[in-house]
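K.L.:
Pasting in a structure now, in structure tokens, and then I'll have a few things to ask.
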Amino acid sequence: MILTFFDQFSSPCLLGIPLIILSMLFPTLLFPTPNNRWVTNRLTTLQLWLTHTITKQLMIPLNKPGHKWALILTSLMMLLLTINLLGLLPYTFTPTTQLSMNMALAFPLWLATLLVGLRNQPTTSLGHLLPEGTPTPLIPALIMIETISLFIRPLALGVRLTANLTAGHLLIQLISTATITLLPIMPTVSIITLTILLLLTILEVAVAMIQAYVFVLLLSLYLQENI
Amino acid sequence: MCVSLSAAVLLKDMKLLDVKLGQLPSWLAMRDFTPGGILGAIRRGYNRYYTKYIDVRKGGLGGISMVLAGYVVISYIWSYSHLKHERRRKYH
């Protein structure tokens with residue numbers, strides 16, 4: 001069997017049963033329903049604080065009709081945050097490294113923001129295709145450019161998340177392979193590589209959280225234009 | 001604990017840690033293996049873990065770390081068939 005560095009991204013399977021659903025459902029175990037008490041347990045308190053902070057941050061720039069999107073944007077944010085961070089544990093599988101899953105998240109949500117705008121305020125939505133104050137001769141070219149950038153958005157959303165996480169996991173695997181291989185040969189270089197690995201892991205934790213935030217933030221920006 | 005009342009508990013309702021080793025096969029045979037029964041058992045297990053480790057006034061890191069450690073172990077078991085090719089051997 002030919003072993004490549006990309007084998008860690010193959011969808012987990014046990015006796016032919018795909019296990020990706022279980023990897024995606026696991027975060028629900030980590031978010032217990034808060035009971036109806038005034039003072040909740042520490043886990044629930046922390047999660048409620050996080051949820052409230054995220055919702056406030058996302059909803060401040062949006063107008064009143066945009067607040068209908070609070071539930072889906074906040075839950076998307078929590079899902080991506082947990083999935084990305086859980087993927088950094090050893091031997092776990094990260095569903096967001098699969099392009100299919102990220103496109104399945106990005107494309108329908110982007111399309112929903114577009115259709116909401118085109119349905120309720122078509123003139124304003126189409127008006128975003130031409131920035132204010134452009135010189136007249138540039139208008140046709142700019143409209144084409146803006147249309148292309150509009151249609152690239154879902155692709156960019158999905159690929160950005162996939163590429164960041166895949167690259168991070170791949171780098172971790174490569175550098176750890178280098179550390180282990182160098183250990184009997186040149187221990188000093190191995191120690192340096194180990195330091196690089198530690199710094200990279202810290203970076204990966206940050207990237208996991210930032211990428212989730214960027215995904216949801218961009219969606220809320222597309223929503224602001226259209227609602 | 002009221003030792004005098006323990007004889008009145010039915011075998012099929014006893015908790016696993018109270019069952020004697022000789023009674024284990026009959027205990028297993030009497031348990032409820034219908035989907036509703038399994039769901040009930042999962043729900044009971046979840047509630048016991050939750051009330052013991054998480055839903056306490058001063059819960060610590062241990063409650064959630066055990067869940068994450070269990071997830072790592074299960075992921076290892078799921079991906080073992082891939083991992084056994086990554087060992088350092090001359091012949092796999």
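Ordered as shown in the structure tokens, chains take letters A, B, and onward, while each chain numbers its residues from 1 and ligands are numbered from 1 in the order shown.
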Using only C-alpha atoms and a distance of at most 10 Å, pull out the residues of chain A that contact chain B, as JSON, numbers by chain.
P.N.:
{"A": [1, 2, 3, 7, 8, 10, 11, 12, 13, 14, 15, 19, 23, 26, 29, 30, 32, 34, 35, 39, 40, 41, 42, 43, 44, 86, 89, 90, 91, 92, 93]}
K.L.:
If we count only C-alpha atoms, what is near B:Arg88 at a cut-off of 12 Å, once residues fewer than 5 positions away on the same chain are taken out, given as a ChimeraX atom specification?
P.N.:
/A:177,180-181 /B:83
K.L.:
Record the distance separating atom CA of B:Tyr91 and atom CA of A:Ser176, expressed in Å with one decimal.
P.N.:
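Atom-to-atom, atom CA of B:Tyr91 and atom CA of A:Ser176 are spaced 22.4 Å apart.
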K.L.:
Kindly give the distance, in Å, that separates atom CA of A:Lys64 and atom CA of A:Gln224, rounded to a single decimal.
P.N.:
10.8 Å
K.L.:
Between atom CA of A:Ile227 and atom CA of A:Thr74, what distance in Å does the model show, to one decimal?
P.N.:
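Computed distance, atom CA of A:Ile227 to atom CA of A:Thr74, equals 17.8 Å.
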K.L.:
Skipping near chain neighbours, those fewer than 4 positions away, what residues fall within 12 Å of stretch 41-45 of chain B using only C-alpha atoms, listed as a list of chain:residue names?
P.N.:
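The neighbour list is A:Leu29, B:Asp13, B:Lys15, B:Leu16, B:Arg31, B:Asp32, B:Phe33, B:Thr34, B:Pro35, B:Gly36, B:Gly37, B:Tyr49, B:Tyr50, B:Thr51, B:Lys52.
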K.L.:
Need the shell around stretch 209-220 of chain A: protein/DNA/RNA residues with any atom at most 9 Å away, counting only C-alpha atoms. Skip same-chain ones fewer than 2 positions apart. Format as a ChimeraX atom specification?
P.N.:
/A:58-59,61-62,66,69,73-74,76-82,84-85,106,109-110,113,157-158,160-161,164-165,204-207,222-225
K.L.:
Per DSSP on the backbone, filter chain A down to the residues in helix (DSSP H, G or I) and report them as a PyMOL selection string.
P.N.:
chain A and resi 5-9+20-29+42-59+64-86+95-97+99-120+122-127+136-182+187-226
